[in-house]
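Source file: structure_31.pdb (PDB, C-alpha atoms and all ligand atoms)
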```pdb
ATOM      1  CA  MET C   1      33.036  50.800  -8.741  1.00  0.00           C
ATOM      2  CA  ARG C   2      32.729  48.998  -5.377  1.00  0.00           C
ATOM      3  CA  PRO C   3      36.073  49.503  -3.668  1.00  0.00           C
ATOM      4  CA  THR C   4      36.637  47.994  -0.249  1.00  0.00           C
ATOM      5  CA  ARG C   5      40.146  49.238   0.361  1.00  0.00           C
ATOM      6  CA  PRO C   6      41.042  52.976   0.403  1.00  0.00           C
ATOM      7  CA  LEU C   7      41.693  55.103  -2.690  1.00  0.00           C
ATOM      8  CA  LEU C   8      44.858  57.247  -2.584  1.00  0.00           C
ATOM      9  CA  PHE C   9      45.331  60.580  -4.383  1.00  0.00           C
ATOM     10  CA  ILE C  10      48.571  62.415  -5.180  1.00  0.00           C
ATOM     11  CA  SER C  11      49.538  65.157  -7.639  1.00  0.00           C
ATOM     12  CA  ASP C  12      52.135  67.812  -8.402  1.00  0.00           C
ATOM     13  CA  LEU C  13      55.247  65.802  -7.559  1.00  0.00           C
ATOM     14  CA  HIS C  14      57.033  67.568 -10.432  1.00  0.00           C
ATOM     15  CA  LEU C  15      59.520  64.689 -10.661  1.00  0.00           C
ATOM     16  CA  SER C  16      62.831  65.169 -12.453  1.00  0.00           C
ATOM     17  CA  PRO C  17      66.373  63.820 -12.005  1.00  0.00           C
ATOM     18  CA  ALA C  18      67.213  67.175 -10.327  1.00  0.00           C
ATOM     19  CA  ILE C  19      65.198  66.348  -7.152  1.00  0.00           C
ATOM     20  CA  PRO C  20      66.447  62.921  -5.922  1.00  0.00           C
ATOM     21  CA  ASN C  21      64.915  63.181  -2.427  1.00  0.00           C
ATOM     22  CA  THR C  22      61.467  63.807  -3.913  1.00  0.00           C
ATOM     23  CA  VAL C  23      61.969  60.878  -6.287  1.00  0.00           C
ATOM     24  CA  ALA C  24      62.950  58.684  -3.298  1.00  0.00           C
ATOM     25  CA  ALA C  25      59.808  59.789  -1.402  1.00  0.00           C
ATOM     26  CA  PHE C  26      57.715  58.912  -4.467  1.00  0.00           C
ATOM     27  CA  GLU C  27      59.276  55.431  -4.606  1.00  0.00           C
ATOM     28  CA  ARG C  28      58.618  54.935  -0.880  1.00  0.00           C
ATOM     29  CA  PHE C  29      55.009  56.064  -1.337  1.00  0.00           C
ATOM     30  CA  ILE C  30      54.411  53.561  -4.152  1.00  0.00           C
ATOM     31  CA  SER C  31      56.150  50.624  -2.441  1.00  0.00           C
ATOM     32  CA  VAL C  32      55.070  51.195   1.203  1.00  0.00           C
ATOM     33  CA  THR C  33      52.189  53.693   1.610  1.00  0.00           C
ATOM     34  CA  ALA C  34      50.150  52.379  -1.334  1.00  0.00           C
ATOM     35  CA  ALA C  35      50.510  48.722  -0.280  1.00  0.00           C
ATOM     36  CA  GLN C  36      47.008  48.493   1.264  1.00  0.00           C
ATOM     37  CA  ALA C  37      45.244  50.675  -1.320  1.00  0.00           C
ATOM     38  CA  GLU C  38      42.565  49.658  -3.789  1.00  0.00           C
ATOM     39  CA  ALA C  39      43.825  52.218  -6.287  1.00  0.00           C
ATOM     40  CA  VAL C  40      46.262  55.110  -6.669  1.00  0.00           C
ATOM     41  CA  TYR C  41      45.166  58.231  -8.570  1.00  0.00           C
ATOM     42  CA  ILE C  42      47.826  60.634  -9.851  1.00  0.00           C
ATOM     43  CA  LEU C  43      45.996  63.847 -10.747  1.00  0.00           C
ATOM     44  CA  GLY C  44      48.573  65.554 -12.958  1.00  0.00           C
ATOM     45  CA  ASP C  45      52.051  67.046 -12.926  1.00  0.00           C
ATOM     46  CA  LEU C  46      53.711  63.800 -11.886  1.00  0.00           C
ATOM     47  CA  PHE C  47      56.610  65.082 -13.985  1.00  0.00           C
ATOM     48  CA  GLU C  48      58.197  68.522 -14.035  1.00  0.00           C
ATOM     49  CA  TYR C  49      57.580  68.303 -17.763  1.00  0.00           C
ATOM     50  CA  TRP C  50      56.673  65.607 -20.273  1.00  0.00           C
ATOM     51  CA  ILE C  51      57.040  66.542 -23.890  1.00  0.00           C
ATOM     52  CA  GLY C  52      55.931  63.308 -25.513  1.00  0.00           C
ATOM     53  CA  ASP C  53      56.138  59.579 -24.878  1.00  0.00           C
ATOM     54  CA  ASP C  54      59.462  59.434 -26.738  1.00  0.00           C
ATOM     55  CA  MET C  55      60.838  60.614 -23.357  1.00  0.00           C
ATOM     56  CA  LEU C  56      60.446  56.936 -22.391  1.00  0.00           C
ATOM     57  CA  ALA C  57      63.863  56.546 -24.019  1.00  0.00           C
ATOM     58  CA  THR C  58      65.448  58.272 -20.981  1.00  0.00           C
ATOM     59  CA  PRO C  59      66.597  56.162 -17.993  1.00  0.00           C
ATOM     60  CA  PHE C  60      64.722  58.486 -15.602  1.00  0.00           C
ATOM     61  CA  ALA C  61      61.355  57.992 -17.327  1.00  0.00           C
ATOM     62  CA  GLN C  62      61.952  54.249 -17.427  1.00  0.00           C
ATOM     63  CA  GLN C  63      62.713  54.232 -13.694  1.00  0.00           C
ATOM     64  CA  VAL C  64      59.455  56.080 -12.884  1.00  0.00           C
ATOM     65  CA  ALA C  65      57.420  53.809 -15.199  1.00  0.00           C
ATOM     66  CA  ARG C  66      58.976  50.715 -13.606  1.00  0.00           C
ATOM     67  CA  THR C  67      58.165  51.959 -10.093  1.00  0.00           C
ATOM     68  CA  LEU C  68      54.538  52.647 -11.077  1.00  0.00           C
ATOM     69  CA  HIS C  69      54.207  49.278 -12.799  1.00  0.00           C
ATOM     70  CA  THR C  70      54.796  47.464  -9.490  1.00  0.00           C
ATOM     71  CA  LEU C  71      51.290  48.639  -8.445  1.00  0.00           C
ATOM     72  CA  SER C  72      49.427  46.592 -11.061  1.00  0.00           C
ATOM     73  CA  GLU C  73      51.718  43.654 -10.281  1.00  0.00           C
ATOM     74  CA  ARG C  74      50.400  43.826  -6.688  1.00  0.00           C
ATOM     75  CA  GLY C  75      46.742  44.109  -7.761  1.00  0.00           C
ATOM     76  CA  ILE C  76      46.536  47.863  -7.085  1.00  0.00           C
ATOM     77  CA  ALA C  77      44.898  49.904  -9.857  1.00  0.00           C
ATOM     78  CA  LEU C  78      46.703  53.012 -11.131  1.00  0.00           C
ATOM     79  CA  TYR C  79      44.901  55.975 -12.723  1.00  0.00           C
ATOM     80  CA  LEU C  80      46.791  58.789 -14.360  1.00  0.00           C
ATOM     81  CA  MET C  81      45.565  62.267 -15.300  1.00  0.00           C
ATOM     82  CA  GLN C  82      47.587  64.755 -17.310  1.00  0.00           C
ATOM     83  CA  GLY C  83      48.593  68.054 -15.676  1.00  0.00           C
ATOM     84  CA  ASN C  84      49.518  71.324 -17.320  1.00  0.00           C
ATOM     85  CA  ARG C  85      53.228  70.420 -17.264  1.00  0.00           C
ATOM     86  CA  ASP C  86      52.836  66.845 -18.451  1.00  0.00           C
ATOM     87  CA  PHE C  87      49.793  67.248 -20.704  1.00  0.00           C
ATOM     88  CA  LEU C  88      51.546  65.176 -23.387  1.00  0.00           C
ATOM     89  CA  LEU C  89      51.618  62.017 -21.235  1.00  0.00           C
ATOM     90  CA  GLY C  90      50.157  59.437 -23.576  1.00  0.00           C
ATOM     91  CA  THR C  91      49.116  55.843 -24.012  1.00  0.00           C
ATOM     92  CA  ARG C  92      52.693  54.569 -24.453  1.00  0.00           C
ATOM     93  CA  PHE C  93      53.710  55.872 -21.038  1.00  0.00           C
ATOM     94  CA  ALA C  94      50.441  54.642 -19.497  1.00  0.00           C
ATOM     95  CA  LYS C  95      51.126  51.153 -20.839  1.00  0.00           C
ATOM     96  CA  ALA C  96      54.711  51.155 -19.537  1.00  0.00           C
ATOM     97  CA  ALA C  97      53.424  52.262 -16.101  1.00  0.00           C
ATOM     98  CA  GLY C  98      50.491  49.812 -16.033  1.00  0.00           C
ATOM     99  CA  ALA C  99      48.158  52.798 -15.753  1.00  0.00           C
ATOM    100  CA  THR C 100      44.770  53.835 -17.122  1.00  0.00           C
ATOM    101  CA  LEU C 101      44.657  57.412 -18.451  1.00  0.00           C
ATOM    102  CA  LEU C 102      41.757  59.477 -17.110  1.00  0.00           C
ATOM    103  CA  PRO C 103      40.097  62.397 -18.892  1.00  0.00           C
ATOM    104  CA  ASP C 104      40.006  65.753 -17.044  1.00  0.00           C
ATOM    105  CA  PRO C 105      37.485  66.053 -15.418  1.00  0.00           C
ATOM    106  CA  PHE C 106      36.582  62.489 -14.419  1.00  0.00           C
ATOM    107  CA  VAL C 107      33.480  61.512 -12.421  1.00  0.00           C
ATOM    108  CA  PHE C 108      32.914  58.282 -10.496  1.00  0.00           C
ATOM    109  CA  ASP C 109      30.912  56.887  -7.578  1.00  0.00           C
ATOM    110  CA  ALA C 110      32.500  55.151  -4.604  1.00  0.00           C
ATOM    111  CA  PHE C 111      31.666  54.631  -0.922  1.00  0.00           C
ATOM    112  CA  GLY C 112      28.168  56.010  -1.566  1.00  0.00           C
ATOM    113  CA  GLN C 113      29.400  59.385  -2.853  1.00  0.00           C
ATOM    114  CA  ARG C 114      29.848  60.984  -6.267  1.00  0.00           C
ATOM    115  CA  VAL C 115      33.387  62.297  -6.795  1.00  0.00           C
ATOM    116  CA  VAL C 116      34.793  64.517  -9.538  1.00  0.00           C
ATOM    117  CA  LEU C 117      38.548  64.570 -10.178  1.00  0.00           C
ATOM    118  CA  ALA C 118      40.484  67.293 -12.010  1.00  0.00           C
ATOM    119  CA  HIS C 119      44.057  68.484 -12.251  1.00  0.00           C
ATOM    120  CA  GLY C 120      42.808  71.965 -11.356  1.00  0.00           C
ATOM    121  CA  ASP C 121      44.265  74.206 -14.059  1.00  0.00           C
ATOM    122  CA  ALA C 122      40.954  74.319 -15.960  1.00  0.00           C
ATOM    123  CA  LEU C 123      39.332  75.780 -12.807  1.00  0.00           C
ATOM    124  CA  CYS C 124      41.654  78.832 -12.824  1.00  0.00           C
ATOM    125  CA  THR C 125      39.263  80.633 -15.151  1.00  0.00           C
ATOM    126  CA  ALA C 126      40.550  84.143 -14.285  1.00  0.00           C
ATOM    127  CA  ASP C 127      43.781  83.383 -16.185  1.00  0.00           C
ATOM    128  CA  ILE C 128      42.388  84.123 -19.650  1.00  0.00           C
ATOM    129  CA  GLY C 129      45.749  83.843 -21.421  1.00  0.00           C
ATOM    130  CA  TYR C 130      46.477  80.440 -19.906  1.00  0.00           C
ATOM    131  CA  GLN C 131      42.971  79.124 -20.667  1.00  0.00           C
ATOM    132  CA  ARG C 132      43.502  80.108 -24.320  1.00  0.00           C
ATOM    133  CA  PHE C 133      46.826  78.207 -24.383  1.00  0.00           C
ATOM    134  CA  ARG C 134      45.163  75.248 -22.642  1.00  0.00           C
ATOM    135  CA  ARG C 135      42.397  74.992 -25.212  1.00  0.00           C
ATOM    136  CA  VAL C 136      44.925  74.894 -28.072  1.00  0.00           C
ATOM    137  CA  SER C 137      47.436  72.593 -26.356  1.00  0.00           C
ATOM    138  CA  HIS C 138      44.748  70.118 -25.254  1.00  0.00           C
ATOM    139  CA  SER C 139      43.113  69.922 -28.696  1.00  0.00           C
ATOM    140  CA  ALA C 140      43.936  66.958 -30.929  1.00  0.00           C
ATOM    141  CA  ALA C 141      45.332  69.333 -33.566  1.00  0.00           C
ATOM    142  CA  GLY C 142      47.475  71.216 -31.008  1.00  0.00           C
ATOM    143  CA  ARG C 143      48.919  67.991 -29.593  1.00  0.00           C
ATOM    144  CA  CYS C 144      49.603  66.624 -33.048  1.00  0.00           C
ATOM    145  CA  PHE C 145      51.362  69.852 -34.082  1.00  0.00           C
ATOM    146  CA  PHE C 146      53.549  69.980 -30.948  1.00  0.00           C
ATOM    147  CA  LEU C 147      54.452  66.275 -31.130  1.00  0.00           C
ATOM    148  CA  SER C 148      55.565  66.716 -34.747  1.00  0.00           C
ATOM    149  CA  TRP C 149      58.434  68.953 -33.553  1.00  0.00           C
ATOM    150  CA  PRO C 150      61.880  67.415 -33.083  1.00  0.00           C
ATOM    151  CA  LEU C 151      62.566  66.387 -29.459  1.00  0.00           C
ATOM    152  CA  LYS C 152      65.224  69.110 -29.155  1.00  0.00           C
ATOM    153  CA  TRP C 153      62.734  71.907 -29.986  1.00  0.00           C
ATOM    154  CA  ARG C 154      60.164  70.519 -27.548  1.00  0.00           C
ATOM    155  CA  LEU C 155      62.797  70.386 -24.793  1.00  0.00           C
ATOM    156  CA  ALA C 156      63.754  73.997 -25.468  1.00  0.00           C
ATOM    157  CA  LEU C 157      60.108  75.115 -25.318  1.00  0.00           C
ATOM    158  CA  ALA C 158      59.491  73.187 -22.070  1.00  0.00           C
ATOM    159  CA  GLU C 159      62.575  74.838 -20.550  1.00  0.00           C
ATOM    160  CA  ARG C 160      61.308  78.285 -21.594  1.00  0.00           C
ATOM    161  CA  MET C 161      57.841  77.644 -20.138  1.00  0.00           C
ATOM    162  CA  ARG C 162      59.398  76.469 -16.851  1.00  0.00           C
ATOM    163  CA  ASN C 163      61.617  79.543 -16.532  1.00  0.00           C
ATOM    164  CA  LYS C 164      58.646  81.780 -17.280  1.00  0.00           C
ATOM    165  CA  SER C 165      56.503  80.130 -14.611  1.00  0.00           C
ATOM    166  CA  GLN C 166      59.316  80.464 -12.044  1.00  0.00           C
ATOM    167  CA  THR C 167      60.144  84.135 -12.555  1.00  0.00           C
ATOM    168  CA  THR C 168      56.765  85.840 -12.743  1.00  0.00           C
ATOM    169  CA  TRP C 169      55.179  85.177  -9.319  1.00  0.00           C
ATOM    170  CA  THR C 170      53.828  88.670  -8.700  1.00  0.00           C
ATOM    171  CA  PRO C 171      50.822  89.063  -6.331  1.00  0.00           C
ATOM    172  CA  GLU C 172      48.601  89.576  -9.401  1.00  0.00           C
ATOM    173  CA  ARG C 173      49.877  86.319 -10.907  1.00  0.00           C
ATOM    174  CA  MET C 174      49.304  84.507  -7.579  1.00  0.00           C
ATOM    175  CA  ALA C 175      45.663  85.618  -7.561  1.00  0.00           C
ATOM    176  CA  VAL C 176      44.823  84.398 -11.070  1.00  0.00           C
ATOM    177  CA  ALA C 177      46.742  81.142 -10.430  1.00  0.00           C
ATOM    178  CA  ASP C 178      44.068  79.975  -7.966  1.00  0.00           C
ATOM    179  CA  VAL C 179      40.748  78.418  -8.857  1.00  0.00           C
ATOM    180  CA  THR C 180      37.723  80.702  -9.179  1.00  0.00           C
ATOM    181  CA  GLN C 181      34.405  80.295  -7.415  1.00  0.00           C
ATOM    182  CA  ASP C 182      32.687  80.114 -10.816  1.00  0.00           C
ATOM    183  CA  GLY C 183      35.047  77.421 -12.092  1.00  0.00           C
ATOM    184  CA  VAL C 184      34.493  75.281  -8.989  1.00  0.00           C
ATOM    185  CA  SER C 185      30.720  75.783  -8.799  1.00  0.00           C
ATOM    186  CA  ASP C 186      30.244  75.046 -12.512  1.00  0.00           C
ATOM    187  CA  LEU C 187      32.109  71.742 -12.216  1.00  0.00           C
ATOM    188  CA  LEU C 188      30.299  70.669  -9.020  1.00  0.00           C
ATOM    189  CA  ARG C 189      26.991  71.569 -10.648  1.00  0.00           C
ATOM    190  CA  SER C 190      27.549  69.819 -14.005  1.00  0.00           C
ATOM    191  CA  SER C 191      29.071  66.694 -12.419  1.00  0.00           C
ATOM    192  CA  ARG C 192      26.474  66.562  -9.597  1.00  0.00           C
ATOM    193  CA  ALA C 193      29.375  65.467  -7.363  1.00  0.00           C
ATOM    194  CA  SER C 194      29.528  66.032  -3.613  1.00  0.00           C
ATOM    195  CA  ILE C 195      33.350  65.802  -3.555  1.00  0.00           C
ATOM    196  CA  LEU C 196      35.844  67.576  -5.839  1.00  0.00           C
ATOM    197  CA  ILE C 197      39.498  66.516  -5.616  1.00  0.00           C
ATOM    198  CA  HIS C 198      42.190  68.453  -7.481  1.00  0.00           C
ATOM    199  CA  GLY C 199      45.803  69.606  -7.300  1.00  0.00           C
ATOM    200  CA  HIS C 200      47.721  72.226  -9.295  1.00  0.00           C
ATOM    201  CA  THR C 201      47.373  75.244  -6.984  1.00  0.00           C
ATOM    202  CA  HIS C 202      49.783  73.974  -4.284  1.00  0.00           C
ATOM    203  CA  ARG C 203      47.341  75.260  -1.634  1.00  0.00           C
ATOM    204  CA  PRO C 204      46.340  72.097   0.255  1.00  0.00           C
ATOM    205  CA  ALA C 205      43.061  72.575   2.120  1.00  0.00           C
ATOM    206  CA  VAL C 206      39.472  71.461   2.299  1.00  0.00           C
ATOM    207  CA  HIS C 207      36.767  73.960   1.347  1.00  0.00           C
ATOM    208  CA  ARG C 208      33.125  73.297   2.123  1.00  0.00           C
ATOM    209  CA  GLN C 209      30.416  75.097   0.185  1.00  0.00           C
ATOM    210  CA  SER C 210      26.794  74.687  -0.749  1.00  0.00           C
ATOM    211  CA  VAL C 211      25.992  74.205  -4.451  1.00  0.00           C
ATOM    212  CA  ASP C 212      22.307  74.181  -5.431  1.00  0.00           C
ATOM    213  CA  GLY C 213      21.461  73.358  -1.802  1.00  0.00           C
ATOM    214  CA  ARG C 214      23.916  70.439  -1.669  1.00  0.00           C
ATOM    215  CA  VAL C 215      26.846  70.455   0.769  1.00  0.00           C
ATOM    216  CA  THR C 216      30.073  69.844  -1.166  1.00  0.00           C
ATOM    217  CA  GLU C 217      33.730  69.392  -0.265  1.00  0.00           C
ATOM    218  CA  ARG C 218      36.675  70.571  -2.379  1.00  0.00           C
ATOM    219  CA  TRP C 219      39.932  68.881  -1.434  1.00  0.00           C
ATOM    220  CA  VAL C 220      43.211  70.341  -2.728  1.00  0.00           C
ATOM    221  CA  ILE C 221      46.099  67.858  -2.860  1.00  0.00           C
ATOM    222  CA  PRO C 222      49.507  69.089  -1.574  1.00  0.00           C
ATOM    223  CA  ASP C 223      52.463  69.384  -3.954  1.00  0.00           C
ATOM    224  CA  TRP C 224      55.730  67.624  -3.101  1.00  0.00           C
ATOM    225  CA  GLU C 225      59.205  69.132  -2.698  1.00  0.00           C
ATOM    226  CA  LEU C 226      61.772  67.383  -0.512  1.00  0.00           C
ATOM    227  CA  ASP C 227      64.961  68.782  -2.049  1.00  0.00           C
ATOM    228  CA  HIS C 228      64.788  72.542  -1.456  1.00  0.00           C
ATOM    229  CA  GLY C 229      63.729  74.338   1.730  1.00  0.00           C
ATOM    230  CA  ALA C 230      61.396  72.753   4.261  1.00  0.00           C
ATOM    231  CA  PRO C 231      60.233  69.372   2.938  1.00  0.00           C
ATOM    232  CA  ARG C 232      56.567  69.194   1.991  1.00  0.00           C
ATOM    233  CA  GLY C 233      54.247  66.637   0.460  1.00  0.00           C
ATOM    234  CA  GLY C 234      51.316  64.456   1.322  1.00  0.00           C
ATOM    235  CA  TYR C 235      48.359  62.581  -0.039  1.00  0.00           C
ATOM    236  CA  LEU C 236      44.606  62.179   0.306  1.00  0.00           C
ATOM    237  CA  VAL C 237      42.793  59.020   1.338  1.00  0.00           C
ATOM    238  CA  PHE C 238      39.166  58.315   0.415  1.00  0.00           C
ATOM    239  CA  ASP C 239      37.371  55.432   2.110  1.00  0.00           C
ATOM    240  CA  GLU C 240      34.030  54.717   3.773  1.00  0.00           C
ATOM    241  CA  SER C 241      34.679  57.491   6.330  1.00  0.00           C
ATOM    242  CA  GLY C 242      35.262  60.130   3.633  1.00  0.00           C
ATOM    243  CA  VAL C 243      38.334  62.058   2.477  1.00  0.00           C
ATOM    244  CA  SER C 244      41.305  62.844   4.741  1.00  0.00           C
ATOM    245  CA  GLU C 245      44.750  64.385   4.266  1.00  0.00           C
ATOM    246  CA  HIS C 246      47.916  62.596   5.359  1.00  0.00           C
ATOM    247  CA  ALA C 247      51.584  63.540   5.699  1.00  0.00           C
ATOM    248  CA  LEU C 248      54.173  61.422   3.930  1.00  0.00           C
ATOM    249  CA  ASP C 249      55.346  58.393   5.957  1.00  0.00           C
TER     250      ASP C 249
HETATM  251 MN    MN C 301      49.777  71.977 -12.414  1.00  0.00          MN
END
```

Hey, can you dump this file as structure tokens for me?
Ligand code: MN
Amino acid sequence: MRPTRPLLFISDLHLSPAIPNTVAAFERFISVTAAQAEAVYILGDLFEYWIGDDMLATPFAQQVARTLHTLSERGIALYLMQGNRDFLLGTRFAKAAGATLLPDPFVFDAFGQRVVLAHGDALCTADIGYQRFRRVSHSAAGRCFFLSWPLKWRLALAERMRNKSQTTWTPERMAVADVTQDGVSDLLRSSRASILIHGHTHRPAVHRQSVDGRVTERWVIPDWELDHGAPRGGYLVFDESGVSEHALD
């Protein structure tokens, strides 16, 4: 890839009809902020949950897909990675949004650097129970099994998983919900990338470390929440001068 214009990265917007201000900020980002971009990368958890592309039947999903589709109409590429909450985002949604689905992790070269992209949940290797669930839910058989359930059952399960993730934030849980040094180093080593960009942990920062004698940067994308408490959000820009973090316009 030989981009000339900047690449933009967002993740963890957790969009749902229950957070209209966050949805409005997302629409502003796509229509205004992304206008000069070469490409927009959404690295997972765009939706609070996505339990199969039959959710495209809902007006809310159609609204989000329509907003995203304006990018390709303006010659701006859109890349979409699944998160842990919307791991069932599929080709039907991608088509409706004018997006290309990316595998997790995904490696590419741009502006003279090798970059690896991930949602981030696979890097939280201390959470053994979650990693077991992830392996099953991300397998073809696991997906197929879950998608065979009636929509009502899937909704009920998604609701249960959400409630569970909201009520159990003990300090121990917080610790295993971050990436591990091993998870990060393994990915930087196997991908031979100098830049890792991921979301998921909601701990925006840049971490510099040496891997096999190479200096690497790990950029964590901020999550968005403009409906409860102090508004937060933001995005990363990657261009010829490297990666930088930006507040929402
Ligand atoms: Mn996540």

Name all residues at most 12 Å from C:Glu73 (count all atoms listed in the file; drop same-chain ones fewer than 4 positions away) and give them as a PyMOL selection string. chain C and resi 30-31+35+66-69+77-78+97-99

For the interface of chain C with ligand MN 301 (chain C) (cut-off 6 Å, counting only C-alpha atoms and all ligand atoms), please tabulate each contacting residue of chain C alongside its nearest pair of atoms and their separation in Å to one decimal, rows sorted by chain and increasing number, as JSON lines.
```
{"residue": "C:Asp45", "atom": "CA", "partner": "C:MN301", "partner_atom": "MN", "distance": 5.5}
{"residue": "C:Gly83", "atom": "CA", "partner": "C:MN301", "partner_atom": "MN", "distance": 5.2}
{"residue": "C:Asn84", "atom": "CA", "partner": "C:MN301", "partner_atom": "MN", "distance": 5.0}
{"residue": "C:His200", "atom": "CA", "partner": "C:MN301", "partner_atom": "MN", "distance": 3.7}
```

In Å, with one decimal, what is the gap from atom CA of C:Leu236 to atom CA of C:Asp104? 18.3 Å

Neighbour list for stretch 16-27 of chain C as a PyMOL selection string, cut-off 6 Å, only C-alpha atoms, skip fewer than 3 positions in-chain: chain C and resi 30+48+225-227

Selection file, C-alpha atoms, as an mmCIF file, keeping the file's coordinate frame:
```cif
data_model
loop_
_atom_site.group_PDB
_atom_site.id
_atom_site.type_symbol
_atom_site.label_atom_id
_atom_site.label_comp_id
_atom_site.auth_asym_id
_atom_site.auth_seq_id
_atom_site.Cartn_x
_atom_site.Cartn_y
_atom_site.Cartn_z
ATOM 1 C CA ILE C 30 54.411 53.561 -4.152
ATOM 2 C CA GLU C 48 58.197 68.522 -14.035
ATOM 3 C CA GLU C 225 59.205 69.132 -2.698
ATOM 4 C CA LEU C 226 61.772 67.383 -0.512
ATOM 5 C CA ASP C 227 64.961 68.782 -2.049
#
```

Explicit residue set for the PyMOL selection byres (((chain C and resi 108) around 12) and not hetatm), as a VMD selection string: chain C and resid 1 to 3 102 to 103 105 to 107 109 to 118 191 to 197

Would you save the residues from that selection as a compact mmCIF listing (two decimals), in the frame of the given file, using C-alpha atoms?
```txt
# COMPACT_ATOMS: atom_id res chain seq x y z
CA MET C 1 33.04 50.80 -8.74
CA ARG C 2 32.73 49.00 -5.38
CA PRO C 3 36.07 49.50 -3.67
CA LEU C 102 41.76 59.48 -17.11
CA PRO C 103 40.10 62.40 -18.89
CA PRO C 105 37.48 66.05 -15.42
CA PHE C 106 36.58 62.49 -14.42
CA VAL C 107 33.48 61.51 -12.42
CA ASP C 109 30.91 56.89 -7.58
CA ALA C 110 32.50 55.15 -4.60
CA PHE C 111 31.67 54.63 -0.92
CA GLY C 112 28.17 56.01 -1.57
CA GLN C 113 29.40 59.38 -2.85
CA ARG C 114 29.85 60.98 -6.27
CA VAL C 115 33.39 62.30 -6.80
CA VAL C 116 34.79 64.52 -9.54
CA LEU C 117 38.55 64.57 -10.18
CA ALA C 118 40.48 67.29 -12.01
CA SER C 191 29.07 66.69 -12.42
CA ARG C 192 26.47 66.56 -9.60
CA ALA C 193 29.38 65.47 -7.36
CA SER C 194 29.53 66.03 -3.61
CA ILE C 195 33.35 65.80 -3.56
CA LEU C 196 35.84 67.58 -5.84
CA ILE C 197 39.50 66.52 -5.62
```

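Remark: for C:Phe29, the closest of the candidate residues C:Gly242, C:Gly183, C:Gly233, C:Gly213 is C:Gly233 (distances computed over only C-alpha atoms).
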
Can you list, as a ChimeraX atom specification, every protein, DNA or RNA residue that comes within 10 Å of stretch 131-137 of chain C when you count only C-alpha atoms, leaving out same-chain residues fewer than 3 positions away? /C:84,87-88,121-128,140-146

Atom CA of C:Ala247 to atom CA of C:Arg28, distance in Å rounded to a single decimal: 12.9 Å

How big is the axis-aligned box around the listed atoms of stretch 50-61 of chain C once 4 Å is added on each side, and where is its centre? Give both in Å to one decimal, as AutoDock Vina command-line options.
```
--center_x 61.3 --center_y 61.4 --center_z -21.2 --size_x 18.7 --size_y 18.4 --size_z 19.1
```

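Nearest to C:Ser190 of all the residues C:Val206, C:Leu7, C:Val211, C:Ala65 is C:Val211, based on all atoms listed in the file.
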
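Ranking C:Leu187, C:Ile221, C:Leu248, C:Ala158 by their shortest atom-to-atom distance to C:Gly52, with only C-alpha atoms included, puts C:Ala158 first.
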
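What separates atom CA of C:Arg203 from atom CA of C:Met174 is a distance of 11.2 Å.
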
Counting all atoms listed in the file, which residue out of C:Arg214, C:Pro204, C:Gln62, C:His198 sits closest to C:His246? C:Pro204

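Here the PyMOL selection byres (((chain C and resi 152-155) around 12) and not hetatm) captures the residues Glu48, Tyr49, Trp50, Ile51, Gly52, Asp53, Asp54, Met55, Leu88, Arg143, Phe145, Phe146, Leu147, Ser148, Trp149, Pro150, Leu151, Ala156, Leu157, Ala158, Glu159, Arg160, Met161 and Arg162 of chain C.
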
Applying 8 Å and only C-alpha atoms, which residues near C:Val40 remain after dropping the ones on its own chain fewer than 3 positions away? List them as a VMD selection string. chain C and resid 7 to 10 34 37 76 to 79

From C:His138, C:Arg189, C:His202, C:His207, residue lying nearest C:Asp12 [all atoms listed in the file]: C:His202

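Proximity ranking of C:Pro231, C:Pro222, C:Gly44, C:Gly199 relative to C:Leu101 places C:Gly44 first, based on only C-alpha atoms.
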